[in-house]
Every structure is written in C-alpha cells, then in structure tokens.
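Below is the file entry-v2.tsv, which contains TSV, C-alpha atoms and all ligand atoms.
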chain	number	residue	atom	x	y	z
A	184	MET	CA	-16.74	-31.20	29.28
A	185	THR	CA	-19.06	-32.69	26.64
A	186	GLU	CA	-17.72	-33.47	23.20
A	187	LYS	CA	-19.77	-30.62	21.74
A	188	ALA	CA	-18.50	-28.12	24.30
A	189	THR	CA	-14.91	-29.21	23.66
A	190	ALA	CA	-15.39	-28.74	19.92
A	191	LEU	CA	-16.92	-25.32	20.52
A	192	THR	CA	-14.05	-24.27	22.77
A	193	ALA	CA	-11.59	-25.48	20.14
A	194	THR	CA	-13.33	-23.39	17.48
A	195	ARG	CA	-13.60	-20.35	19.71
A	196	THR	CA	-9.90	-20.35	20.56
A	197	GLN	CA	-9.20	-20.08	16.83
A	198	VAL	CA	-11.10	-16.82	16.49
A	199	ASP	CA	-8.66	-13.99	15.95
A	200	GLU	CA	-9.48	-11.29	18.49
A	201	ALA	CA	-8.54	-8.42	16.18
A	202	VAL	CA	-10.83	-9.82	13.48
A	203	ALA	CA	-13.67	-10.36	15.96
A	204	GLN	CA	-13.38	-6.85	17.38
A	205	ALA	CA	-13.13	-5.13	14.00
A	206	VAL	CA	-16.14	-7.02	12.64
A	207	ARG	CA	-18.29	-6.42	15.71
A	208	GLU	CA	-17.46	-2.71	15.67
A	209	GLY	CA	-17.88	-2.34	11.93
A	210	LEU	CA	-21.16	-4.22	11.52
A	211	THR	CA	-22.83	-2.53	14.49
A	212	ALA	CA	-21.74	0.94	13.29
A	213	GLN	CA	-23.92	3.18	11.20
A	214	PRO	CA	-23.14	3.20	8.29
A	215	LYS	CA	-21.76	-0.35	8.35
A	216	ARG	CA	-18.09	-0.82	7.50
A	217	LEU	CA	-15.33	-3.43	7.52
A	218	PRO	CA	-11.61	-2.57	7.49
A	219	PRO	CA	-9.68	-3.29	4.26
A	220	TRP	CA	-7.00	-5.35	6.01
A	221	LEU	CA	-9.64	-8.08	6.26
A	222	PHE	CA	-9.25	-8.60	2.50
A	223	TYR	CA	-5.86	-10.21	2.85
A	224	ASP	CA	-6.34	-13.81	3.91
A	225	GLU	CA	-4.71	-16.39	1.63
A	226	ALA	CA	-7.46	-16.29	-1.00
A	227	GLY	CA	-7.70	-12.48	-0.82
A	228	SER	CA	-3.95	-12.07	-1.29
A	229	ARG	CA	-4.14	-14.34	-4.33
A	230	LEU	CA	-7.06	-12.34	-5.74
A	231	PHE	CA	-5.14	-9.10	-5.17
A	232	GLU	CA	-2.20	-10.52	-7.15
A	233	GLU	CA	-4.68	-11.26	-9.95
A	234	ILE	CA	-6.00	-7.70	-9.76
A	235	THR	CA	-2.50	-6.31	-10.28
A	236	GLU	CA	-2.38	-8.06	-13.64
A	237	LEU	CA	-5.78	-6.92	-14.93
A	238	PRO	CA	-5.78	-4.67	-17.99
A	239	GLU	CA	-8.02	-2.13	-16.20
A	240	TYR	CA	-5.87	-1.97	-13.05
A	241	TYR	CA	-3.28	0.54	-14.26
A	242	VAL	CA	-1.84	1.08	-10.74
A	243	THR	CA	0.76	-1.70	-10.55
A	244	ARG	CA	1.76	-1.52	-14.20
A	245	THR	CA	2.24	2.25	-14.14
A	246	GLU	CA	4.29	2.25	-10.97
A	247	ARG	CA	6.39	-0.60	-12.35
A	248	ASP	CA	7.09	1.42	-15.52
A	249	ILE	CA	8.25	4.36	-13.41
A	250	LEU	CA	10.51	2.14	-11.31
A	251	THR	CA	11.88	0.38	-14.38
A	252	ALA	CA	12.93	3.72	-15.81
A	253	CYS	CA	13.97	5.56	-12.67
A	254	SER	CA	15.05	3.14	-9.88
A	255	GLY	CA	18.71	4.03	-10.48
A	256	ALA	CA	18.05	7.75	-10.05
A	257	MET	CA	15.88	7.15	-6.98
A	258	ILE	CA	18.50	5.02	-5.26
A	259	ALA	CA	21.30	7.45	-6.12
A	260	GLN	CA	19.26	10.37	-4.74
A	261	ALA	CA	18.52	8.46	-1.56
A	262	ALA	CA	22.09	7.25	-1.07
A	263	GLN	CA	23.78	10.62	-1.59
A	264	GLY	CA	27.14	8.89	-1.96
A	265	LYS	CA	26.64	6.60	1.07
A	266	ARG	CA	25.70	2.95	1.31
A	267	VAL	CA	21.97	2.50	1.36
A	268	ARG	CA	19.96	-0.21	3.09
A	269	LEU	CA	16.37	-0.75	2.10
A	270	VAL	CA	13.46	-1.21	4.49
A	271	GLU	CA	10.08	-2.06	3.01
A	272	LEU	CA	6.73	-1.52	4.71
A	273	GLY	CA	4.97	-4.74	3.76
A	274	ALA	CA	6.62	-7.87	2.42
A	275	GLY	CA	7.04	-6.37	-1.01
A	276	SER	CA	5.49	-7.29	-4.31
A	277	ALA	CA	8.12	-9.26	-6.14
A	278	ASP	CA	9.01	-7.41	-9.26
A	279	LYS	CA	8.68	-3.79	-8.15
A	280	THR	CA	10.90	-4.22	-5.11
A	281	ARG	CA	13.31	-6.22	-7.23
A	282	LEU	CA	13.85	-3.20	-9.50
A	283	LEU	CA	14.95	-1.03	-6.58
A	284	LEU	CA	17.10	-3.78	-5.08
A	285	ALA	CA	18.79	-4.36	-8.43
A	286	ALA	CA	19.50	-0.63	-8.73
A	287	ALA	CA	21.05	-0.62	-5.25
A	288	VAL	CA	23.17	-3.67	-6.10
A	289	GLU	CA	24.32	-1.91	-9.24
A	290	LEU	CA	25.36	1.11	-7.20
A	291	GLN	CA	27.09	-0.54	-4.26
A	292	GLY	CA	27.39	-4.30	-4.69
A	293	LYS	CA	25.89	-5.93	-1.61
A	294	VAL	CA	22.58	-4.72	-0.20
A	295	LEU	CA	20.72	-5.33	3.04
A	296	TYR	CA	16.93	-5.47	2.63
A	297	GLU	CA	14.60	-5.42	5.65
A	298	PRO	CA	10.96	-6.16	4.80
A	299	LEU	CA	8.52	-5.53	7.65
A	300	ASP	CA	5.19	-7.32	7.74
A	301	VAL	CA	2.68	-8.81	10.16
A	302	SER	CA	2.69	-12.03	8.14
A	303	ALA	CA	5.64	-14.32	8.92
A	304	SER	CA	4.80	-16.54	5.95
A	305	ALA	CA	4.83	-13.60	3.50
A	306	LEU	CA	8.26	-12.62	4.85
A	307	THR	CA	9.67	-16.14	4.60
A	308	GLU	CA	8.44	-16.31	1.03
A	309	ALA	CA	9.98	-12.89	0.21
A	310	LYS	CA	13.34	-13.90	1.73
A	311	LYS	CA	13.52	-17.16	-0.24
A	312	ARG	CA	12.50	-15.52	-3.49
A	313	ILE	CA	14.72	-12.47	-3.31
A	314	GLU	CA	17.88	-14.19	-2.09
A	315	ARG	CA	17.45	-16.75	-4.86
A	316	GLU	CA	16.92	-14.11	-7.54
A	317	ILE	CA	19.43	-11.49	-6.41
A	318	PRO	CA	22.21	-13.23	-4.45
A	319	ALA	CA	23.89	-9.89	-3.64
A	320	VAL	CA	20.90	-9.03	-1.45
A	321	THR	CA	20.70	-10.24	2.16
A	322	VAL	CA	17.11	-10.26	3.40
A	323	ALA	CA	16.59	-9.56	7.10
A	324	PRO	CA	12.82	-9.80	7.61
A	325	ARG	CA	11.06	-8.57	10.70
A	326	VAL	CA	7.55	-9.56	11.80
A	327	MET	CA	5.93	-6.35	12.98
A	328	ASP	CA	3.02	-4.01	12.47
A	329	TYR	CA	4.77	-1.08	10.80
A	330	THR	CA	1.66	1.09	11.09
A	331	GLN	CA	2.63	1.46	14.76
A	332	GLY	CA	6.14	2.75	13.92
A	333	LEU	CA	9.56	1.31	13.16
A	334	HIS	CA	10.43	0.12	16.65
A	335	GLY	CA	13.51	-1.98	17.19
A	336	LEU	CA	15.38	-1.33	13.95
A	337	GLU	CA	19.07	-1.13	14.68
A	338	PRO	CA	20.56	2.33	14.06
A	339	ASP	CA	22.20	3.14	10.71
A	340	ALA	CA	25.85	2.08	10.59
A	341	ALA	CA	28.38	4.84	9.98
A	342	GLY	CA	28.31	5.99	6.37
A	343	GLU	CA	24.97	4.32	5.75
A	344	ARG	CA	21.48	5.55	4.94
A	345	ARG	CA	18.16	3.82	5.21
A	346	LEU	CA	15.62	4.10	2.48
A	347	VAL	CA	12.10	3.11	3.50
A	348	LEU	CA	9.95	1.87	0.62
A	349	TYR	CA	6.24	2.49	0.89
A	350	ILE	CA	5.20	1.80	-2.66
A	351	GLY	CA	2.16	0.25	-4.34
A	352	SER	CA	-0.21	3.07	-3.35
A	353	SER	CA	-0.62	1.39	0.05
A	354	ILE	CA	-0.81	4.80	1.75
A	355	GLY	CA	-3.96	5.44	-0.31
A	356	ASN	CA	-5.91	2.92	1.76
A	357	PHE	CA	-5.59	5.19	4.81
A	358	ASP	CA	-7.55	8.40	5.18
A	359	ALA	CA	-5.75	11.64	5.98
A	360	ARG	CA	-6.33	11.26	9.73
A	361	GLU	CA	-4.48	7.94	9.64
A	362	ALA	CA	-1.94	8.51	6.84
A	363	GLY	CA	-0.30	11.62	8.36
A	364	PRO	CA	0.36	10.05	11.78
A	365	LEU	CA	1.52	6.80	10.13
A	366	LEU	CA	4.18	8.68	8.14
A	367	GLU	CA	5.15	10.66	11.24
A	368	ARG	CA	5.72	7.40	13.13
A	369	VAL	CA	7.90	6.18	10.26
A	370	ARG	CA	9.85	9.45	10.40
A	371	ALA	CA	10.31	9.07	14.17
A	372	GLY	CA	12.09	5.74	13.58
A	373	LEU	CA	14.60	7.23	11.12
A	374	GLU	CA	17.74	9.31	11.35
A	375	LEU	CA	18.45	12.59	9.61
A	376	GLY	CA	19.27	11.99	5.98
A	377	ASP	CA	17.35	8.70	5.73
A	378	GLY	CA	14.69	8.55	3.04
A	379	LEU	CA	11.11	7.52	2.36
A	380	LEU	CA	10.02	6.48	-1.13
A	381	LEU	CA	6.27	6.85	-1.37
A	382	GLY	CA	4.12	5.54	-4.26
A	383	VAL	CA	0.87	7.46	-4.73
A	384	ASP	CA	-1.95	7.11	-7.23
A	385	LEU	CA	-2.96	10.40	-8.83
A	386	ILE	CA	-6.39	11.75	-9.75
A	387	LYS	CA	-7.39	10.90	-13.29
A	388	SER	CA	-10.58	10.47	-15.32
A	389	GLU	CA	-13.49	8.96	-13.46
A	390	GLU	CA	-13.92	6.45	-16.25
A	391	THR	CA	-10.36	5.12	-15.82
A	392	LEU	CA	-10.68	5.03	-12.05
A	393	LEU	CA	-14.00	3.22	-12.04
A	394	ALA	CA	-12.85	0.63	-14.58
A	395	ALA	CA	-9.84	-0.19	-12.38
A	396	TYR	CA	-12.10	-1.09	-9.44
A	397	ASN	CA	-14.87	-2.63	-11.49
A	398	ASP	CA	-13.05	-4.90	-13.90
A	399	ALA	CA	-14.87	-6.80	-16.60
A	400	ALA	CA	-13.65	-10.20	-15.38
A	401	GLY	CA	-15.14	-9.60	-11.92
A	402	VAL	CA	-11.88	-10.21	-10.03
A	403	THR	CA	-12.29	-7.08	-7.89
A	404	ALA	CA	-15.87	-8.11	-7.11
A	405	ALA	CA	-14.59	-11.53	-5.96
A	406	PHE	CA	-11.87	-9.80	-3.91
A	407	ASN	CA	-14.49	-7.62	-2.23
A	408	ARG	CA	-16.90	-10.53	-1.57
A	409	ASN	CA	-14.05	-12.67	-0.25
A	410	MET	CA	-14.33	-10.63	2.93
A	411	LEU	CA	-17.72	-12.24	3.52
A	412	VAL	CA	-16.29	-15.68	2.71
A	413	ARG	CA	-13.70	-15.01	5.41
A	414	LEU	CA	-16.33	-14.01	7.98
A	415	ASN	CA	-18.35	-17.12	7.18
A	416	ARG	CA	-15.29	-19.29	7.78
A	417	GLU	CA	-13.66	-17.51	10.72
A	418	LEU	CA	-16.69	-16.20	12.60
A	419	GLY	CA	-19.31	-18.82	11.72
A	420	ALA	CA	-21.30	-16.21	9.78
A	421	ASP	CA	-23.98	-17.10	7.26
A	422	PHE	CA	-23.55	-14.38	4.63
A	423	ASP	CA	-25.20	-15.42	1.36
A	424	LEU	CA	-22.60	-14.22	-1.17
A	425	GLU	CA	-25.19	-13.87	-3.91
A	426	ALA	CA	-27.19	-11.51	-1.73
A	427	PHE	CA	-24.48	-8.82	-1.76
A	428	SER	CA	-23.26	-6.96	-4.83
A	429	HIS	CA	-19.90	-5.33	-5.37
A	430	ARG	CA	-20.03	-1.58	-5.89
A	431	ALA	CA	-17.16	0.80	-6.60
A	432	ILE	CA	-17.86	4.53	-6.72
A	433	TRP	CA	-15.74	7.63	-7.22
A	434	ASN	CA	-16.28	10.07	-4.35
A	435	ALA	CA	-14.94	13.26	-5.93
A	436	SER	CA	-15.34	15.45	-2.88
A	437	GLU	CA	-13.18	13.06	-0.82
A	438	SER	CA	-10.91	12.24	-3.78
A	439	ARG	CA	-11.30	8.51	-3.29
A	440	ILE	CA	-12.63	5.34	-4.80
A	441	GLU	CA	-14.93	3.63	-2.33
A	442	MET	CA	-15.70	-0.06	-2.40
A	443	HIS	CA	-18.95	-1.32	-0.93
A	444	LEU	CA	-20.85	-4.58	-0.56
A	445	VAL	CA	-24.51	-3.77	-1.07
A	446	SER	CA	-27.33	-5.90	0.29
A	447	ARG	CA	-29.65	-6.85	-2.56
A	448	ALA	CA	-32.62	-7.34	-0.20
A	449	ALA	CA	-33.69	-6.91	3.40
A	450	GLN	CA	-32.02	-9.74	5.27
A	451	ARG	CA	-30.61	-10.87	8.60
A	452	VAL	CA	-27.09	-12.32	8.92
A	453	ARG	CA	-25.87	-14.31	11.91
A	454	LEU	CA	-22.29	-14.41	13.14
A	455	ALA	CA	-22.24	-17.37	15.51
A	456	GLU	CA	-18.78	-16.76	17.00
A	457	LEU	CA	-19.74	-13.20	17.89
A	458	ASP	CA	-23.22	-14.07	19.16
A	459	LEU	CA	-24.37	-11.34	16.85
A	460	GLN	CA	-27.10	-10.92	14.30
A	461	VAL	CA	-27.06	-8.04	11.89
A	462	ASP	CA	-30.04	-6.72	9.93
A	463	PHE	CA	-29.62	-5.21	6.49
A	464	ALA	CA	-32.15	-3.09	4.64
A	465	ALA	CA	-32.43	-3.57	0.88
A	466	GLY	CA	-29.72	-1.40	-0.70
A	467	GLU	CA	-27.81	-0.94	2.57
A	468	SER	CA	-24.05	-1.15	2.16
A	469	ILE	CA	-20.96	-2.27	4.03
A	470	HIS	CA	-18.14	0.15	3.20
A	471	THR	CA	-15.05	-2.04	2.77
A	472	GLU	CA	-12.33	0.19	1.32
A	473	ASN	CA	-11.21	3.70	0.46
A	474	SER	CA	-8.50	4.18	-2.11
A	475	TYR	CA	-7.38	7.81	-2.13
A	476	LYS	CA	-6.15	9.46	-5.29
A	477	TYR	CA	-3.92	12.51	-4.93
A	478	ALA	CA	-3.76	15.87	-6.66
A	479	PRO	CA	-0.40	17.08	-8.01
A	480	GLY	CA	1.72	18.28	-5.09
A	481	ALA	CA	-0.33	16.42	-2.45
A	482	ALA	CA	2.28	13.68	-1.91
A	483	GLU	CA	5.03	16.26	-1.44
A	484	LYS	CA	2.83	18.08	1.10
A	485	MET	CA	2.10	14.85	2.94
A	486	LEU	CA	5.83	14.06	3.10
A	487	ALA	CA	6.70	17.54	4.35
A	488	GLU	CA	4.01	17.46	7.03
A	489	ALA	CA	5.49	14.20	8.32
A	490	GLY	CA	9.02	15.67	8.53
A	491	PHE	CA	10.46	14.64	5.16
A	492	ALA	CA	11.89	17.25	2.80
A	493	PRO	CA	10.50	16.32	-0.64
A	494	VAL	CA	13.49	15.69	-2.87
A	495	GLY	CA	12.03	14.35	-6.11
A	496	CYS	CA	8.90	12.98	-7.73
A	497	TRP	CA	8.97	10.59	-10.67
A	498	LYS	CA	5.82	10.32	-12.77
A	499	ASP	CA	4.62	8.50	-15.87
A	500	ALA	CA	3.89	10.50	-19.01
A	501	GLN	CA	0.12	10.48	-18.41
A	502	GLY	CA	0.54	11.77	-14.87
A	503	TRP	CA	-1.34	8.78	-13.46
A	504	PHE	CA	1.07	7.76	-10.71
A	505	ALA	CA	3.94	9.32	-8.76
A	506	VAL	CA	6.82	7.85	-6.79
A	507	CYS	CA	8.12	10.56	-4.47
A	508	LEU	CA	11.26	10.64	-2.37
A	509	GLY	CA	11.38	12.49	0.94
A	510	ARG	CA	14.48	12.95	3.08
A	511	ALA	CA	14.26	12.96	6.88
A	512	ASP	CA	15.09	16.51	7.78
A	513	GLN	CA	15.10	18.66	10.86
A	514	ASP	CA	13.22	21.61	9.70
A	515	VAL	CA	10.93	20.90	6.82
A	516	GLU	CA	8.98	23.62	5.12
A	517	LEU	CA	5.79	22.90	3.26
A	518	PRO	CA	6.87	22.83	-0.35
A	519	GLY	CA	5.41	24.81	-3.19
A	520	LEU	CA	5.07	22.69	-6.29
A	521	GLU	CA	8.39	24.07	-7.40
A	522	ALA	CA	10.23	22.65	-4.42
A	523	THR	CA	11.03	19.21	-5.75
A	524	GLU	CA	12.78	17.74	-8.67
A	525	ASP	CA	10.00	16.56	-10.97
A	526	VAL	CA	10.73	13.86	-13.50
A	527	THR	CA	8.15	12.73	-16.02
A	528	LEU	CA	8.74	9.72	-18.22
A	529	PRO	CA	8.73	10.49	-21.91
A	530	ALA	CA	5.38	9.96	-23.65
A	531	PRO	CA	3.73	7.66	-25.04
A	532	ASP	CA	5.94	5.36	-27.05
A	533	ARG	CA	6.14	2.64	-24.42
A	534	ALA	CA	9.47	1.37	-25.67
A	535	THR	CA	10.94	4.80	-24.95
A	536	ALA	CA	9.12	5.14	-21.67
A	537	LEU	CA	10.62	1.87	-20.53
A	538	ASP	CA	14.17	3.01	-21.23
A	539	PRO	CA	15.92	4.57	-18.27
A	540	VAL	CA	15.82	8.33	-18.57
A	541	PRO	CA	18.31	10.55	-16.80
A	542	PRO	CA	16.56	12.73	-14.23
A	543	ARG	CA	15.44	15.91	-15.95
A	544	ARG	CA	15.64	18.83	-13.57
A	545	GLY	CA	12.29	20.57	-13.32
A	546	ASN	CA	12.37	24.17	-14.45
A	547	ARG	CA	12.07	25.11	-10.81
A	548	ALA	CA	15.16	24.07	-8.88
A	549	SER	CA	14.57	22.60	-5.49
A	550	ALA	CA	14.85	24.55	-2.28
A	551	ALA	CA	14.46	21.29	-0.40
A	552	GLY	CA	16.83	19.68	-2.87
A	553	GLN	CA	19.59	22.11	-1.91
A	554	LYS	CA	19.69	20.52	1.52
A	555	GLN	CA	20.58	17.10	0.10
A	601	LIG	C1	-3.58	-2.37	-1.97
A	601	LIG	N1	-4.26	-1.20	-2.51
A	601	LIG	C2	-3.30	-0.16	-2.88
A	601	LIG	C3	-5.21	-1.49	-3.59
A	601	LIG	C4	-5.88	-0.19	-4.09
A	601	LIG	O1	-5.88	0.02	-5.30
A	601	LIG	O2	-6.34	0.60	-3.27
A	601	LIG	C5	-6.28	-2.47	-3.12
A	601	LIG	C6	-7.35	-2.72	-4.15
A	601	LIG	N2	-8.63	-2.67	-3.94
A	601	LIG	C7	-9.27	-2.96	-5.04
A	601	LIG	N3	-8.41	-3.17	-5.99
A	601	LIG	C8	-7.17	-3.06	-5.46

Would it be possible to restate this file's structure as structure tokens?
Amino acid sequence: MTEKATALTATRTQVDEAVAQAVREGLTAQPKRLPPWLFYDEAGSRLFEEITELPEYYVTRTERDILTACSGAMIAQAAQGKRVRLVELGAGSADKTRLLLAAAVELQGKVLYEPLDVSASALTEAKKRIEREIPAVTVAPRVMDYTQGLHGLEPDAAGERRLVLYIGSSIGNFDAREAGPLLERVRAGLELGDGLLLGVDLIKSEETLLAAYNDAAGVTAAFNRNMLVRLNRELGADFDLEAFSHRAIWNASESRIEMHLVSRAAQRVRLAELDLQVDFAAGESIHTENSYKYAPGAAEKMLAEAGFAPVGCWKDAQGWFAVCLGRADQDVELPGLEATEDVTLPAPDRATALDPVPPRRGNRASAAGQKQ
C-alpha cells in the first residue's frame, strides 16, 4: 500500500459510522437537516455549558431554582418511605443533580447514583466530581444509550425505589413521535412504584424564547456553527463557517424553537470522507434542532401516556419551567389538570423563591396521588 493510501485508510477508519450515516441522510434530505446530538463534541459540550450561564438562557437557572427549593419534597414523594436510588439519563449537569443527591442523602444517609450516558469520559468525570463533593453518594456509571431503554439495570432491592432523573429539558429536543416511545422504554425498564422526574420547558413569550436561543454574545450561534466545524474535522468537509448564519425561530404551531444554519449564498460543499457534494441555494437552511416548549398539563399527559401516574409538578413563580414526577403504575388514566399536586414557587422576591417551600397542595387533590 502506498504511503498516501495508508494515510487515507487511517483517516477513514476514524470516521464514526453513526456520524457519517446521519450526515449523509440529513444533507441529502429535503429540507436539509442534521441531528442535534452532533452538537456535543468536546467543543460543543463546552459551548453548551457556556449557554447555561447566559443571562438570556433562563432554562438552566429556572430549573435550578425549582430544584433548590423543592428537591427535598421531590425525593420524599418519590421515596414514599423507602430507600431511593437515583438513575440519571445523561451524565448529569453538576449542580442540578447535586441538589437532588443532597436531598436524598439528607433523607436516608447513603445514596446510590447511576448515571447513564454514551460518553465514558463524561461518566468518569461525573463519578470523580460527585464522589469528591458528596462522599455519601456512590456513583455507579453505566455506558449506554438510554434512548433505547434501560436494559441491564439490576432490579430494585427489597424496600427500595428507583427514581429516574430526566431533567434539563432534554426531552424537549425530541419530537412527540420520539419522546413518547422514549418514555415508554424507560417505563418498561422500571418496576411498579419507581419514579420518573421530568424537567420540561413551558411556553412563554416569544420575545423571551427567542432571546434564549439568540443571545447577544453569540454563544448559541457558535454552538450551532460548531456542527459544521465538526463535519469539517471528522468528515473532511469544507464548510465555510462565514457562509452560514445562525437562525432561531419560534414555530408557534409546533410549539417549538427551531435552530437553523442558513446558507448566505448559493454554494457547493464537499464532504471528502462521504464522497459527497451538497449544493445549497442562497437562503436554504439546515435544520439543526427543535426545542419543544410545553403547555400547562402537557408534561403530565406525556407521563401518563408512557405509563406513569403524574404525582406532582413543581413550577417557578413565572410558570416558565416545570419539574414533574410520575410514578410507574399499572393502570394510568390520562390526568385532568387537577390530577396532580401542583406546587408553584412564591413570586418574585428571589430570596424567598430560593428558600425551600413546603409543598402546597393544589386546590384539586390528586386522584393519581391517592395511589401513592
Ligand atoms: C440540551 N437542550 C435542552 C438545550 C435546549 O434548550 O433545547 C440545547 C440548546 N440549544 C440551544 N441552546 C441550548
């Protein structure tokens, strides 16, 4: 083999098949699209961490406020007097998971935490960090693609309940056709009485939504464009980053923010590793992400349809975000809005909102809640 051929083979073996297939499919589709999981290479994960700290990106901050105030109540509701072990879908963003772990430690002393992620390095990092910060927590990470179900988790020990954390509005990056089955697969891996804690972003003013995905510092734009940087590096593509603009729009009829990369001019892009060239018209877009925002009651409905009786929903005072608990149940009825315990943090004095509030029973006691 010539030196050049050897080098080429070496490069080709490094191409990730899943990446190659997703990009080929997405860029030859009409309209063009790329899946949002492509955002999260090392640089993209760093940019996402930066996004979570932006003043416009209310999502992380608001969910953190809810968890700061209500983690104790959530854990107590999930545990129902038993020991609880926590499973997290994804390796867990440090401080939000920490709040729930600390609440569980407070309730029962030692806690077992099982983060599930496709990235071994993210899991190793989470294990080191959490065991250092909360020594009462034992971290048992598992490298797996949780979107395919919770295969291989050992059964609950006697007197124990699992609580699956799916926080951070991650479910919002799946459309309804994907989100429902994903939650059903999670439910299939659980036992009766186990719980799912689901963080969902709620519909709010278009202005607030657009600002969150179009920040003044341009971090979200860099996050979006980083997908092209990744394709240039991993697939030998020649995307000119300046030739694509970041666009975030609110699609009201679908109740979602959409992110796009829009070609500023007619151009041809080559992807050497795919033996592919792709033509763009001026103004043509690559749809890179959907981020669904939910109406009141939608999260409870989604939980019920997946086989979880909605037990409680904790919201911030502005009604921007909800963290909802569902309990794996045999026979789950679709809830009316009155079916769950609804807790709203007190408004708007932040000092008050950050103080733990005892769960305030909604005026409509829970039918589902009676089964607890
Ligand atoms: C990870 N996910 C919940 C974020 C969201 O808000 O949909 C990803 C993101 N995209 C742009 N900004 C943040």

For atom CA of A:Leu221 and atom CA of A:Arg439, determine how far apart the two atoms are, in Å to one decimal place.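 Atom-to-atom, atom CA of A:Leu221 and atom CA of A:Arg439 are spaced 19.2 Å apart.
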
A:Pro214 environment, 8 Å, all atoms listed in the file, sequence neighbours closer than 5 positions dropped, as JSON, numbers by chain: {"A": [468, 469, 470]}

Shell of 7 Å around A:Glu246, only C-alpha atoms, local chain residues under 4 positions omitted, as a count of residues only: 3

In terms of the shortest atom-to-atom distance over all atoms listed in the file, which of A:Glu308, A:Asp458, A:Asp377, A:Glu472 is closest to ligand LIG 601 (chain A)?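 Ranked by minimum distance to ligand LIG 601 (chain A), first place goes to A:Glu472.
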
For each of A:Ala395, A:Leu348, A:Pro338, A:Phe491, take the minimum atom-to-atom distance to A:Glu236, counting all atoms listed in the file, then give the residue where this is smallest.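 Among the listed residues, A:Ala395 lies closest to A:Glu236.
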
Box along x, y and z, 6 Å on every side, all listed atoms of ligand LIG 601 (chain A) inside: centre and edge lengths in Å to one decimal, as JSON.
{"center_x": -6.3, "center_y": -1.3, "center_z": -4.0, "size_x": 18.0, "size_y": 15.8, "size_z": 16.0}

From the list A:Ala431, A:Ala274, A:Ala500, A:Val202, which residue is nearest ligand LIG 601 (chain A) when using only C-alpha atoms and all ligand atoms?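 That would be A:Ala431, the residue with the smallest distance to ligand LIG 601 (chain A).
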
List all protein, DNA and RNA residues that have at least one atom no more than 8 Å from any atom of ligand LIG 601 (chain A), counting all atoms listed in the file, and write them as a list in words. Phe231, Ile234, Thr235, Tyr240, Val242, Gly351, Ser352, Ser353, Ile354, Gly355, Asn356, Ala395, Tyr396, Thr403, Phe406, Asn407, Met442, Glu472, Asn473, Ser474 and Tyr475 of chain A
